[in-house]
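> This is target_19.txt, which holds compact mmCIF, N, CA and C atoms and all ligand atoms:
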# COMPACT_ATOMS: atom_id res chain seq x y z
N MET P 1 0.83 -1.22 0.00
CA MET P 1 0.00 0.00 0.00
C MET P 1 0.86 1.27 0.00
N SER P 2 2.17 1.11 -0.05
CA SER P 2 3.03 2.29 0.07
C SER P 2 3.00 3.18 -1.18
N ASN P 3 2.31 2.71 -2.23
CA ASN P 3 2.18 3.56 -3.42
C ASN P 3 0.85 4.30 -3.43
N ARG P 4 0.22 4.43 -2.24
CA ARG P 4 -1.08 5.12 -2.17
C ARG P 4 -1.05 6.28 -1.19
N THR P 5 -1.85 7.31 -1.50
CA THR P 5 -2.04 8.40 -0.56
C THR P 5 -3.54 8.74 -0.51
N PHE P 6 -3.90 9.58 0.44
CA PHE P 6 -5.30 9.95 0.61
C PHE P 6 -5.41 11.47 0.50
N THR P 7 -6.46 11.93 -0.16
CA THR P 7 -6.69 13.38 -0.28
C THR P 7 -8.14 13.75 -0.03
N MET P 8 -8.34 14.99 0.37
CA MET P 8 -9.69 15.58 0.37
C MET P 8 -9.59 16.91 -0.36
N ILE P 9 -10.58 17.20 -1.20
CA ILE P 9 -10.76 18.55 -1.71
C ILE P 9 -11.68 19.21 -0.69
N LYS P 10 -11.16 20.21 0.00
CA LYS P 10 -11.79 20.75 1.20
C LYS P 10 -13.00 21.65 0.86
N PRO P 11 -13.80 22.03 1.89
CA PRO P 11 -15.03 22.79 1.62
C PRO P 11 -14.82 24.11 0.87
N ASP P 12 -13.70 24.79 1.09
CA ASP P 12 -13.47 26.08 0.40
C ASP P 12 -13.35 25.88 -1.10
N ALA P 13 -12.51 24.92 -1.51
CA ALA P 13 -12.30 24.67 -2.94
C ALA P 13 -13.55 24.09 -3.59
N THR P 14 -14.30 23.28 -2.83
CA THR P 14 -15.54 22.70 -3.35
C THR P 14 -16.55 23.81 -3.63
N LYS P 15 -16.70 24.71 -2.63
CA LYS P 15 -17.67 25.82 -2.74
C LYS P 15 -17.34 26.71 -3.94
N LYS P 16 -16.04 26.92 -4.19
CA LYS P 16 -15.63 27.82 -5.28
C LYS P 16 -15.66 27.14 -6.65
N GLY P 17 -16.01 25.84 -6.69
CA GLY P 17 -16.13 25.15 -7.98
C GLY P 17 -14.81 24.68 -8.57
N HIS P 18 -13.80 24.43 -7.70
CA HIS P 18 -12.48 24.01 -8.20
C HIS P 18 -12.28 22.50 -8.24
N THR P 19 -13.33 21.73 -7.90
CA THR P 19 -13.14 20.27 -7.81
C THR P 19 -12.62 19.68 -9.12
N GLY P 20 -13.25 20.03 -10.22
CA GLY P 20 -12.85 19.46 -11.52
C GLY P 20 -11.42 19.82 -11.89
N ALA P 21 -11.07 21.09 -11.71
CA ALA P 21 -9.71 21.54 -12.06
C ALA P 21 -8.67 20.83 -11.20
N ILE P 22 -8.97 20.66 -9.91
CA ILE P 22 -8.01 20.00 -9.01
C ILE P 22 -7.86 18.52 -9.38
N LEU P 23 -8.98 17.85 -9.66
CA LEU P 23 -8.89 16.44 -10.09
C LEU P 23 -8.11 16.33 -11.39
N GLY P 24 -8.26 17.31 -12.29
CA GLY P 24 -7.50 17.32 -13.54
C GLY P 24 -6.00 17.42 -13.28
N MET P 25 -5.61 18.28 -12.33
CA MET P 25 -4.18 18.41 -11.99
C MET P 25 -3.65 17.10 -11.39
N ILE P 26 -4.49 16.47 -10.57
CA ILE P 26 -4.08 15.21 -9.93
C ILE P 26 -3.84 14.14 -11.00
N ASN P 27 -4.73 14.03 -11.95
CA ASN P 27 -4.56 13.05 -13.03
C ASN P 27 -3.37 13.41 -13.91
N ALA P 28 -3.22 14.69 -14.24
CA ALA P 28 -2.12 15.12 -15.11
C ALA P 28 -0.77 14.85 -14.47
N ALA P 29 -0.73 14.82 -13.13
CA ALA P 29 0.53 14.56 -12.42
C ALA P 29 0.81 13.05 -12.30
N GLY P 30 -0.07 12.23 -12.87
CA GLY P 30 0.20 10.80 -12.92
C GLY P 30 -0.44 9.96 -11.83
N PHE P 31 -1.33 10.57 -11.05
CA PHE P 31 -2.02 9.81 -10.01
C PHE P 31 -3.28 9.16 -10.59
N LYS P 32 -3.49 7.90 -10.19
CA LYS P 32 -4.71 7.17 -10.59
C LYS P 32 -5.67 7.22 -9.41
N ILE P 33 -6.94 7.55 -9.68
CA ILE P 33 -7.94 7.58 -8.60
C ILE P 33 -8.46 6.16 -8.39
N VAL P 34 -8.27 5.60 -7.19
CA VAL P 34 -8.67 4.22 -6.92
C VAL P 34 -9.85 4.14 -5.93
N ALA P 35 -10.28 5.31 -5.44
CA ALA P 35 -11.50 5.42 -4.62
C ALA P 35 -11.86 6.89 -4.62
N MET P 36 -13.18 7.20 -4.66
CA MET P 36 -13.57 8.62 -4.61
C MET P 36 -15.03 8.76 -4.19
N LYS P 37 -15.30 9.77 -3.35
CA LYS P 37 -16.70 10.10 -3.04
C LYS P 37 -16.82 11.56 -2.63
N MET P 38 -17.99 12.14 -2.93
CA MET P 38 -18.32 13.46 -2.41
C MET P 38 -19.18 13.22 -1.17
N THR P 39 -18.84 13.90 -0.08
CA THR P 39 -19.54 13.68 1.17
C THR P 39 -19.42 14.93 2.04
N LYS P 40 -20.03 14.91 3.22
CA LYS P 40 -19.90 16.05 4.13
C LYS P 40 -19.63 15.48 5.52
N LEU P 41 -18.58 15.99 6.15
CA LEU P 41 -18.22 15.52 7.50
C LEU P 41 -19.10 16.19 8.54
N SER P 42 -19.59 15.42 9.51
CA SER P 42 -20.22 16.03 10.69
C SER P 42 -19.08 16.63 11.53
N LYS P 43 -19.44 17.48 12.50
CA LYS P 43 -18.41 18.02 13.40
C LYS P 43 -17.70 16.89 14.13
N GLU P 44 -18.47 15.90 14.52
CA GLU P 44 -17.90 14.77 15.25
C GLU P 44 -16.88 14.01 14.39
N LYS P 45 -17.24 13.75 13.14
CA LYS P 45 -16.34 13.01 12.24
C LYS P 45 -15.10 13.84 11.89
N ALA P 46 -15.29 15.16 11.68
CA ALA P 46 -14.14 16.02 11.39
C ALA P 46 -13.19 16.04 12.59
N GLY P 47 -13.76 16.10 13.79
CA GLY P 47 -12.95 16.08 15.01
C GLY P 47 -12.16 14.80 15.16
N GLU P 48 -12.80 13.71 14.76
CA GLU P 48 -12.15 12.39 14.83
C GLU P 48 -11.00 12.31 13.80
N PHE P 49 -11.29 12.78 12.59
CA PHE P 49 -10.26 12.71 11.53
C PHE P 49 -9.02 13.51 11.93
N TYR P 50 -9.23 14.67 12.56
CA TYR P 50 -8.11 15.55 12.92
C TYR P 50 -7.72 15.44 14.39
N ALA P 51 -8.08 14.31 15.04
CA ALA P 51 -7.81 14.15 16.48
C ALA P 51 -6.34 14.39 16.84
N VAL P 52 -5.45 14.08 15.91
CA VAL P 52 -4.02 14.28 16.16
C VAL P 52 -3.69 15.75 16.44
N HIS P 53 -4.55 16.66 15.96
CA HIS P 53 -4.33 18.10 16.16
C HIS P 53 -5.15 18.67 17.33
N ALA P 54 -5.74 17.79 18.14
CA ALA P 54 -6.69 18.25 19.18
C ALA P 54 -6.09 19.27 20.15
N ALA P 55 -4.80 19.20 20.38
CA ALA P 55 -4.18 20.13 21.33
C ALA P 55 -3.74 21.45 20.69
N ARG P 56 -3.82 21.53 19.37
CA ARG P 56 -3.36 22.75 18.67
C ARG P 56 -4.40 23.86 18.82
N PRO P 57 -3.95 25.12 18.84
CA PRO P 57 -4.88 26.24 19.04
C PRO P 57 -5.92 26.39 17.93
N PHE P 58 -5.61 25.88 16.74
CA PHE P 58 -6.53 26.05 15.61
C PHE P 58 -7.50 24.88 15.46
N TYR P 59 -7.48 23.92 16.39
CA TYR P 59 -8.30 22.70 16.24
C TYR P 59 -9.80 23.01 16.07
N GLY P 60 -10.32 23.91 16.91
CA GLY P 60 -11.75 24.25 16.84
C GLY P 60 -12.11 24.82 15.48
N GLU P 61 -11.28 25.76 15.02
CA GLU P 61 -11.49 26.37 13.69
C GLU P 61 -11.42 25.32 12.58
N LEU P 62 -10.47 24.41 12.71
CA LEU P 62 -10.27 23.38 11.69
C LEU P 62 -11.50 22.46 11.61
N VAL P 63 -12.02 22.07 12.76
CA VAL P 63 -13.19 21.19 12.80
C VAL P 63 -14.42 21.91 12.23
N GLU P 64 -14.61 23.19 12.61
CA GLU P 64 -15.72 24.00 12.07
C GLU P 64 -15.63 24.07 10.55
N PHE P 65 -14.43 24.41 10.08
CA PHE P 65 -14.21 24.58 8.64
C PHE P 65 -14.43 23.27 7.89
N MET P 66 -13.86 22.19 8.38
CA MET P 66 -13.94 20.93 7.63
C MET P 66 -15.35 20.32 7.63
N SER P 67 -16.21 20.79 8.56
CA SER P 67 -17.59 20.30 8.57
C SER P 67 -18.56 21.35 7.99
N SER P 68 -18.01 22.40 7.36
CA SER P 68 -18.84 23.52 6.91
C SER P 68 -19.50 23.28 5.56
N GLY P 69 -19.10 22.26 4.82
CA GLY P 69 -19.68 22.02 3.51
C GLY P 69 -19.13 20.73 2.92
N PRO P 70 -19.62 20.37 1.73
CA PRO P 70 -19.18 19.11 1.13
C PRO P 70 -17.70 19.11 0.75
N ILE P 71 -17.16 17.91 0.72
CA ILE P 71 -15.77 17.68 0.31
C ILE P 71 -15.76 16.52 -0.69
N THR P 72 -14.64 16.36 -1.39
CA THR P 72 -14.43 15.14 -2.17
C THR P 72 -13.25 14.41 -1.55
N ALA P 73 -13.46 13.17 -1.15
CA ALA P 73 -12.40 12.33 -0.57
C ALA P 73 -11.96 11.34 -1.64
N ALA P 74 -10.64 11.07 -1.71
CA ALA P 74 -10.15 10.13 -2.72
C ALA P 74 -8.87 9.44 -2.26
N ILE P 75 -8.70 8.23 -2.75
CA ILE P 75 -7.42 7.51 -2.58
C ILE P 75 -6.73 7.52 -3.93
N LEU P 76 -5.45 7.86 -3.92
CA LEU P 76 -4.67 8.05 -5.15
C LEU P 76 -3.50 7.08 -5.19
N GLU P 77 -3.21 6.59 -6.39
CA GLU P 77 -2.12 5.61 -6.54
C GLU P 77 -1.08 6.13 -7.52
N LYS P 78 0.18 5.97 -7.13
CA LYS P 78 1.32 6.39 -7.97
C LYS P 78 2.57 5.93 -7.24
N ASP P 79 3.66 5.66 -7.93
CA ASP P 79 4.91 5.41 -7.22
C ASP P 79 5.23 6.61 -6.35
N ASN P 80 5.70 6.38 -5.14
CA ASN P 80 6.10 7.47 -4.23
C ASN P 80 4.95 8.46 -3.98
N ALA P 81 3.74 7.91 -3.83
CA ALA P 81 2.51 8.72 -3.82
C ALA P 81 2.50 9.80 -2.73
N VAL P 82 2.85 9.44 -1.49
CA VAL P 82 2.72 10.40 -0.38
C VAL P 82 3.60 11.63 -0.63
N GLU P 83 4.87 11.39 -0.93
CA GLU P 83 5.81 12.50 -1.11
C GLU P 83 5.48 13.30 -2.38
N ASP P 84 5.20 12.61 -3.46
CA ASP P 84 4.91 13.31 -4.72
C ASP P 84 3.62 14.14 -4.61
N PHE P 85 2.64 13.63 -3.86
CA PHE P 85 1.39 14.39 -3.74
C PHE P 85 1.61 15.62 -2.88
N ARG P 86 2.43 15.52 -1.83
CA ARG P 86 2.69 16.70 -0.99
C ARG P 86 3.41 17.77 -1.82
N LYS P 87 4.24 17.33 -2.76
CA LYS P 87 4.89 18.30 -3.66
C LYS P 87 3.86 18.96 -4.56
N LEU P 88 2.92 18.18 -5.06
CA LEU P 88 1.89 18.72 -5.97
C LEU P 88 0.98 19.71 -5.25
N ILE P 89 0.67 19.47 -3.97
CA ILE P 89 -0.25 20.39 -3.28
C ILE P 89 0.48 21.63 -2.75
N GLY P 90 1.75 21.52 -2.39
CA GLY P 90 2.51 22.68 -1.90
C GLY P 90 2.38 22.86 -0.39
N ALA P 91 3.04 23.89 0.13
CA ALA P 91 3.12 24.13 1.57
C ALA P 91 1.74 24.37 2.17
N THR P 92 1.61 24.05 3.48
CA THR P 92 0.33 24.21 4.21
C THR P 92 -0.21 25.63 4.05
N ASN P 93 0.68 26.61 4.19
CA ASN P 93 0.30 28.02 4.01
C ASN P 93 0.46 28.40 2.53
N PRO P 94 -0.64 28.69 1.84
CA PRO P 94 -0.54 28.97 0.39
C PRO P 94 0.41 30.12 0.06
N ALA P 95 0.60 31.03 1.01
CA ALA P 95 1.53 32.14 0.76
C ALA P 95 2.96 31.63 0.60
N GLU P 96 3.22 30.44 1.14
CA GLU P 96 4.57 29.84 1.05
C GLU P 96 4.63 28.72 0.02
N ALA P 97 3.52 28.42 -0.62
CA ALA P 97 3.47 27.30 -1.57
C ALA P 97 4.15 27.69 -2.89
N ALA P 98 4.85 26.72 -3.50
CA ALA P 98 5.57 26.97 -4.75
C ALA P 98 4.58 27.25 -5.89
N ASP P 99 5.04 28.02 -6.87
CA ASP P 99 4.22 28.30 -8.06
C ASP P 99 3.79 26.99 -8.72
N GLY P 100 2.57 26.97 -9.21
CA GLY P 100 2.08 25.80 -9.93
C GLY P 100 1.50 24.73 -9.04
N THR P 101 1.63 24.87 -7.72
CA THR P 101 1.04 23.87 -6.82
C THR P 101 -0.46 24.15 -6.64
N ILE P 102 -1.16 23.11 -6.21
CA ILE P 102 -2.62 23.24 -6.04
C ILE P 102 -2.96 24.32 -5.02
N ARG P 103 -2.23 24.33 -3.90
CA ARG P 103 -2.54 25.34 -2.88
C ARG P 103 -2.20 26.76 -3.35
N LYS P 104 -1.12 26.90 -4.11
CA LYS P 104 -0.78 28.23 -4.65
C LYS P 104 -1.91 28.73 -5.56
N LEU P 105 -2.44 27.81 -6.36
CA LEU P 105 -3.46 28.20 -7.33
C LEU P 105 -4.85 28.39 -6.71
N TYR P 106 -5.18 27.54 -5.72
CA TYR P 106 -6.58 27.49 -5.30
C TYR P 106 -6.85 27.77 -3.82
N ALA P 107 -5.82 27.90 -2.98
CA ALA P 107 -6.06 28.08 -1.55
C ALA P 107 -6.05 29.55 -1.17
N ALA P 108 -6.87 29.87 -0.15
CA ALA P 108 -7.01 31.27 0.27
C ALA P 108 -6.16 31.58 1.50
N SER P 109 -5.96 30.61 2.38
CA SER P 109 -5.26 30.89 3.65
C SER P 109 -4.75 29.58 4.24
N ILE P 110 -3.99 29.67 5.32
CA ILE P 110 -3.44 28.45 5.95
C ILE P 110 -4.55 27.53 6.45
N GLY P 111 -5.67 28.11 6.85
CA GLY P 111 -6.80 27.29 7.30
C GLY P 111 -7.59 26.74 6.12
N GLU P 112 -8.00 27.65 5.25
CA GLU P 112 -8.80 27.25 4.08
C GLU P 112 -7.84 26.99 2.93
N ASN P 113 -7.20 25.82 2.99
CA ASN P 113 -6.09 25.59 2.05
C ASN P 113 -6.37 24.53 0.98
N ALA P 114 -7.62 24.42 0.60
CA ALA P 114 -8.06 23.74 -0.63
C ALA P 114 -7.98 22.21 -0.62
N VAL P 115 -6.87 21.65 -0.15
CA VAL P 115 -6.71 20.19 -0.22
C VAL P 115 -5.97 19.64 0.99
N HIS P 116 -6.25 18.37 1.26
CA HIS P 116 -5.50 17.60 2.26
C HIS P 116 -4.63 16.59 1.52
N GLY P 117 -3.46 16.29 2.06
CA GLY P 117 -2.64 15.19 1.57
C GLY P 117 -2.00 14.48 2.74
N SER P 118 -2.07 13.15 2.77
CA SER P 118 -1.49 12.39 3.88
C SER P 118 0.00 12.69 4.04
N ASP P 119 0.49 12.59 5.30
CA ASP P 119 1.90 12.90 5.55
C ASP P 119 2.78 11.66 5.70
N SER P 120 2.21 10.46 5.61
CA SER P 120 3.01 9.22 5.71
C SER P 120 2.21 8.07 5.10
N ASN P 121 2.91 6.98 4.77
CA ASN P 121 2.22 5.81 4.24
C ASN P 121 1.23 5.26 5.26
N GLU P 122 1.65 5.27 6.52
CA GLU P 122 0.79 4.74 7.58
C GLU P 122 -0.50 5.57 7.68
N ASN P 123 -0.37 6.89 7.70
CA ASN P 123 -1.57 7.73 7.80
C ASN P 123 -2.42 7.66 6.53
N ALA P 124 -1.78 7.47 5.38
CA ALA P 124 -2.55 7.32 4.13
C ALA P 124 -3.50 6.14 4.24
N ALA P 125 -3.03 5.04 4.78
CA ALA P 125 -3.86 3.83 4.92
C ALA P 125 -4.97 4.07 5.95
N ILE P 126 -4.62 4.70 7.09
CA ILE P 126 -5.62 4.97 8.13
C ILE P 126 -6.70 5.91 7.59
N GLU P 127 -6.28 6.98 6.90
CA GLU P 127 -7.22 7.99 6.40
C GLU P 127 -8.10 7.43 5.29
N GLY P 128 -7.52 6.62 4.40
CA GLY P 128 -8.31 5.99 3.34
C GLY P 128 -9.39 5.09 3.94
N ASP P 129 -9.00 4.32 4.96
CA ASP P 129 -9.95 3.41 5.61
C ASP P 129 -11.02 4.17 6.41
N PHE P 130 -10.73 5.41 6.80
CA PHE P 130 -11.70 6.24 7.53
C PHE P 130 -12.91 6.54 6.63
N PHE P 131 -12.65 6.71 5.34
CA PHE P 131 -13.72 7.10 4.39
C PHE P 131 -14.26 5.95 3.55
N PHE P 132 -13.43 4.93 3.30
CA PHE P 132 -13.80 3.91 2.32
C PHE P 132 -13.69 2.51 2.90
N SER P 133 -14.72 1.69 2.65
CA SER P 133 -14.63 0.27 3.00
C SER P 133 -13.65 -0.38 2.03
N LYS P 134 -13.22 -1.59 2.34
CA LYS P 134 -12.29 -2.30 1.44
C LYS P 134 -12.95 -2.53 0.07
N LEU P 135 -14.27 -2.71 0.06
CA LEU P 135 -14.99 -2.93 -1.20
C LEU P 135 -15.00 -1.69 -2.10
N GLU P 136 -14.75 -0.52 -1.50
CA GLU P 136 -14.77 0.74 -2.27
C GLU P 136 -13.36 1.18 -2.68
N GLN P 137 -12.35 0.39 -2.34
CA GLN P 137 -10.96 0.72 -2.70
C GLN P 137 -10.53 -0.22 -3.81
N PHE P 138 -10.26 0.35 -5.00
CA PHE P 138 -9.99 -0.49 -6.18
C PHE P 138 -8.51 -0.61 -6.52
P1 LIG J 201 -0.90 19.78 6.18
O1 LIG J 201 -0.36 18.40 6.46
O2 LIG J 201 -0.11 20.55 5.16
O3 LIG J 201 -2.38 19.77 5.84
O4 LIG J 201 -0.76 20.64 7.54
P2 LIG J 201 -0.92 20.26 9.09
O5 LIG J 201 -0.98 18.76 9.27
O6 LIG J 201 0.11 21.03 9.84
O7 LIG J 201 -2.34 20.90 9.47
C1 LIG J 201 -3.55 20.26 9.15
C2 LIG J 201 -4.54 21.28 8.67
O8 LIG J 201 -4.85 22.15 9.76
C3 LIG J 201 -4.04 22.22 7.57
O9 LIG J 201 -4.15 21.66 6.29
C4 LIG J 201 -4.94 23.43 7.74
O10 LIG J 201 -6.22 23.23 7.15
C5 LIG J 201 -5.12 23.46 9.26
N1 LIG J 201 -4.18 24.41 9.86
C6 LIG J 201 -2.83 24.28 10.05
N2 LIG J 201 -2.31 25.37 10.64
C7 LIG J 201 -3.35 26.21 10.85
C8 LIG J 201 -3.48 27.51 11.44
O11 LIG J 201 -2.50 28.12 11.90
N3 LIG J 201 -4.74 28.06 11.47
C9 LIG J 201 -5.85 27.41 10.99
N4 LIG J 201 -7.06 27.99 11.06
N5 LIG J 201 -5.77 26.19 10.43
C10 LIG J 201 -4.55 25.60 10.36
Is it possible to express this structure as structure tokens?
Ligand code: GDP


Amino acid sequence: MSNRTFTMIKPDATKKGHTGAILGMINAAGFKIVAMKMTKLSKEKAGEFYAVHAARPFYGELVEFMSSGPITAAILEKDNAVEDFRKLIGATNPAEAADGTIRKLYAASIGENAVHGSDSNENAAIEGDFFFSKLEQF
């Protein structure tokens, strides 16, 4: 499973109509979509997904934001998926993201930063399983 990563197109980018363009960039960069759904996180589910950040000062804002509207969740496959996808999305803060990255193009702020990308192979598997049953992962 080390060739897989997990992503969400967050509520800000969804609301602004960037889902198609972002999926196009993901495909153009060589990632294959092996699971995908549009859904909306409850506050409880968003809190659970980001539990690792529970002690951070922005946790409340993050949970509010991530449950504020629909998202698209997907599992992506490519050699070196986790690292290559983090390069494609750019730095957490879009002001620091490299030109041509998804966050540089579509994110408004460090909080509303358009996309999520797993930070390790282990978390990619945990996060993918959070949204998709084994029958929904191709
Ligand atoms: P990522 O791995 O690049 O997504 O960054 P982190 O794991 O550090 O943070 C997780 C998510 O929390 C980010 O993608 C942002 O949506 C949010 N976040 C991080 N830092 C801040 C912050 O200072 N303020 C707010 N409001 N949200 C933040």

> Centre and edge lengths, as JSON, for the axis-aligned box enclosing every listed atom of ligand LIG 201 (chain J) with 5 Å of padding on each of the six sides, in Å to one decimal?


{"center_x": -3.5, "center_y": 23.3, "center_z": 8.5, "size_x": 17.2, "size_y": 19.7, "size_z": 16.7}

> Residues of chain P within 7 Å of ligand LIG 201 (chain J): nearest atom pair and distance (Å, one decimal) for each, counting all atoms listed in the file, sorted by chain and number, as a Markdown table?


| residue | atom | partner | partner_atom | distance |
| --- | --- | --- | --- | --- |
| P:Pro57 | C | J:LIG201 | N3 | 6.8 |
| P:Phe58 | CA | J:LIG201 | C9 | 4.9 |
| P:Tyr59 | N | J:LIG201 | N5 | 6.6 |
| P:Glu61 | C | J:LIG201 | N4 | 5.3 |
| P:Leu62 | N | J:LIG201 | N4 | 5.2 |
| P:Gly90 | C | J:LIG201 | O2 | 6.5 |
| P:Ala91 | C | J:LIG201 | O2 | 5.2 |
| P:Thr92 | CA | J:LIG201 | O2 | 3.8 |
| P:Asn93 | N | J:LIG201 | O2 | 6.2 |
| P:Ile110 | C | J:LIG201 | C4 | 4.3 |
| P:Gly111 | CA | J:LIG201 | N5 | 3.5 |
| P:Glu112 | N | J:LIG201 | O10 | 5.1 |
| P:Asn113 | N | J:LIG201 | O10 | 5.0 |
| P:Ala114 | N | J:LIG201 | O10 | 6.8 |
| P:Val115 | C | J:LIG201 | O9 | 6.0 |
| P:His116 | CA | J:LIG201 | O3 | 5.2 |
| P:Gly117 | N | J:LIG201 | O3 | 5.3 |
| P:Ser118 | C | J:LIG201 | O1 | 6.2 |
| P:Asp119 | N | J:LIG201 | O1 | 6.0 |

> What are the nearest atom pairs, with distances in Å to one decimal, for all residues of segment 10-68 of chain P that come at most 8 Å from segment 132-136 of chain P, using only N, CA and C atoms, set out by chain and rising residue number as JSON lines?


{"residue": "P:Val34", "atom": "C", "partner": "P:Glu136", "partner_atom": "C", "distance": 5.6}
{"residue": "P:Ala35", "atom": "CA", "partner": "P:Glu136", "partner_atom": "C", "distance": 5.0}
{"residue": "P:Met36", "atom": "N", "partner": "P:Glu136", "partner_atom": "C", "distance": 6.3}

> When you count only N, CA and C atoms, which of these residues is closest to Ser67 of chain P: P:Gly100, P:Gly30, P:Gly17, P:Pro11?

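Checking each of P:Gly100, P:Gly30, P:Gly17, P:Pro11 against Ser67 of chain P, counting only N, CA and C atoms, the winner is P:Pro11.
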
> Which residues come within 10 Å of Ile9 of chain P, counting only C-alpha atoms, excluding same-chain residues fewer than 3 positions away, as a list in words?

Asp12, Ala13, Thr14, His18, Thr19, Ile22, Leu23, Met38, Pro70, Ile71, Thr72, Ala73, Ala74, Asn113, Ala114, Val115, His116 and Gly117 of chain P

> May I ask which of the residues P:Asn121, P:Ala21, P:Ala28, P:Ile33 is the closest one to Glu83 of chain P, counting all atoms listed in the file?

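Using all atoms listed in the file, Glu83 of chain P sits closest to P:Asn121.
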
> Using DSSP secondary structure from the backbone, list all strand (DSSP E) positions within segment 42-135 of chain P, as an NGL selection string.

:P and (71-77 or 115-117)

> Which residue, P:Asp129, P:Glu64, P:Glu122, P:Glu77, has the smallest gap to Lys32 of chain P when you use all atoms listed in the file?

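Distance minimum relative to Lys32 of chain P lands on P:Glu77.
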
> Near segment 42-46 of chain P, counting all atoms listed in the file, which residues have an atom at most 6.5 Å away, once you skip same-chain residues fewer than 3 positions from it, shown as a PyMOL selection string?

chain P and resi 49-51+63-64+66-67

> Using only C-alpha atoms, which of the listed residues (P:Lys15, P:Lys37, P:Arg56, P:Lys87) sits closest to Asp99 of chain P?

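When distances to Asp99 of chain P are compared using only C-alpha atoms, the smallest one comes from P:Lys87.
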
> Taking the backbone alone, and naming residues the way the document does, which bits of chain P are helix (DSSP H, G or I) by DSSP, as a PyMOL selection string?

chain P and resi 11-15+19-28+43-49+51-53+59-66+81-89+94-96+102-106+121-131+134-136

> Within 8 Å of Asp79 of chain P, counting all atoms listed in the file, which residues qualify if same-chain residues fewer than 6 places away don't, as a list in words?

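The residues that qualify are Ser2, Asn3, Arg4, Gly30, Phe31, Lys32 and Phe85 of chain P.
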
> How many Å separate atom CA of Leu76 of chain P from atom CA of Leu41 of chain P?

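The value is 20.0 Å.
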
> Distance atom CA of Thr5 of chain P-atom CA of Ala125 of chain P, one decimal place?

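Those two atoms sit 7.4 Å apart.
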
> Counting all atoms listed in the file, figure out which residue out of P:Phe130, P:Ala108, P:Ile102, P:Asn123 gets nearest to Met25 of chain P.

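Ranking P:Phe130, P:Ala108, P:Ile102, P:Asn123 by distance to Met25 of chain P, first place goes to P:Ile102.
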
> Could you state the separation of atom N of Gly24 of chain P and atom C of Glu127 of chain P in Å, given to one decimal place?

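Atom C of Glu127 of chain P lies 20.2 Å from atom N of Gly24 of chain P.
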
> For a quick check of understanding, using only C-alpha atoms, which of P:Ser120, P:Gly47, P:Gly60, P:Ser109 has the smallest distance to Pro94 of chain P?

P:Ser109

> Take segment 7-17 of chain P, bring it up to N, CA, C and O atoms, and give me the output as a tab-separated table (two decimals), in the frame of the given file.


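Result file follows (selection.tsv):
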chain	number	residue	atom	x	y	z
P	7	THR	N	-6.46	11.93	-0.16
P	7	THR	CA	-6.69	13.38	-0.28
P	7	THR	C	-8.14	13.75	-0.03
P	7	THR	O	-9.03	12.92	-0.18
P	8	MET	N	-8.34	14.99	0.37
P	8	MET	CA	-9.69	15.58	0.37
P	8	MET	C	-9.59	16.91	-0.36
P	8	MET	O	-8.64	17.68	-0.12
P	9	ILE	N	-10.58	17.20	-1.20
P	9	ILE	CA	-10.76	18.55	-1.71
P	9	ILE	C	-11.68	19.21	-0.69
P	9	ILE	O	-12.81	18.76	-0.47
P	10	LYS	N	-11.16	20.21	0.00
P	10	LYS	CA	-11.79	20.75	1.20
P	10	LYS	C	-13.00	21.65	0.86
P	10	LYS	O	-13.20	22.03	-0.30
P	11	PRO	N	-13.80	22.03	1.89
P	11	PRO	CA	-15.03	22.79	1.62
P	11	PRO	C	-14.82	24.11	0.87
P	11	PRO	O	-15.68	24.49	0.06
P	12	ASP	N	-13.70	24.79	1.09
P	12	ASP	CA	-13.47	26.08	0.40
P	12	ASP	C	-13.35	25.88	-1.10
P	12	ASP	O	-14.02	26.55	-1.90
P	13	ALA	N	-12.51	24.92	-1.51
P	13	ALA	CA	-12.30	24.67	-2.94
P	13	ALA	C	-13.55	24.09	-3.59
P	13	ALA	O	-13.86	24.37	-4.75
P	14	THR	N	-14.30	23.28	-2.83
P	14	THR	CA	-15.54	22.70	-3.35
P	14	THR	C	-16.55	23.81	-3.63
P	14	THR	O	-17.14	23.89	-4.71
P	15	LYS	N	-16.70	24.71	-2.63
P	15	LYS	CA	-17.67	25.82	-2.74
P	15	LYS	C	-17.34	26.71	-3.94
P	15	LYS	O	-18.22	27.22	-4.62
P	16	LYS	N	-16.04	26.92	-4.19
P	16	LYS	CA	-15.63	27.82	-5.28
P	16	LYS	C	-15.66	27.14	-6.65
P	16	LYS	O	-15.30	27.76	-7.65
P	17	GLY	N	-16.01	25.84	-6.69
P	17	GLY	CA	-16.13	25.15	-7.98
P	17	GLY	C	-14.81	24.68	-8.57
P	17	GLY	O	-14.71	24.49	-9.79
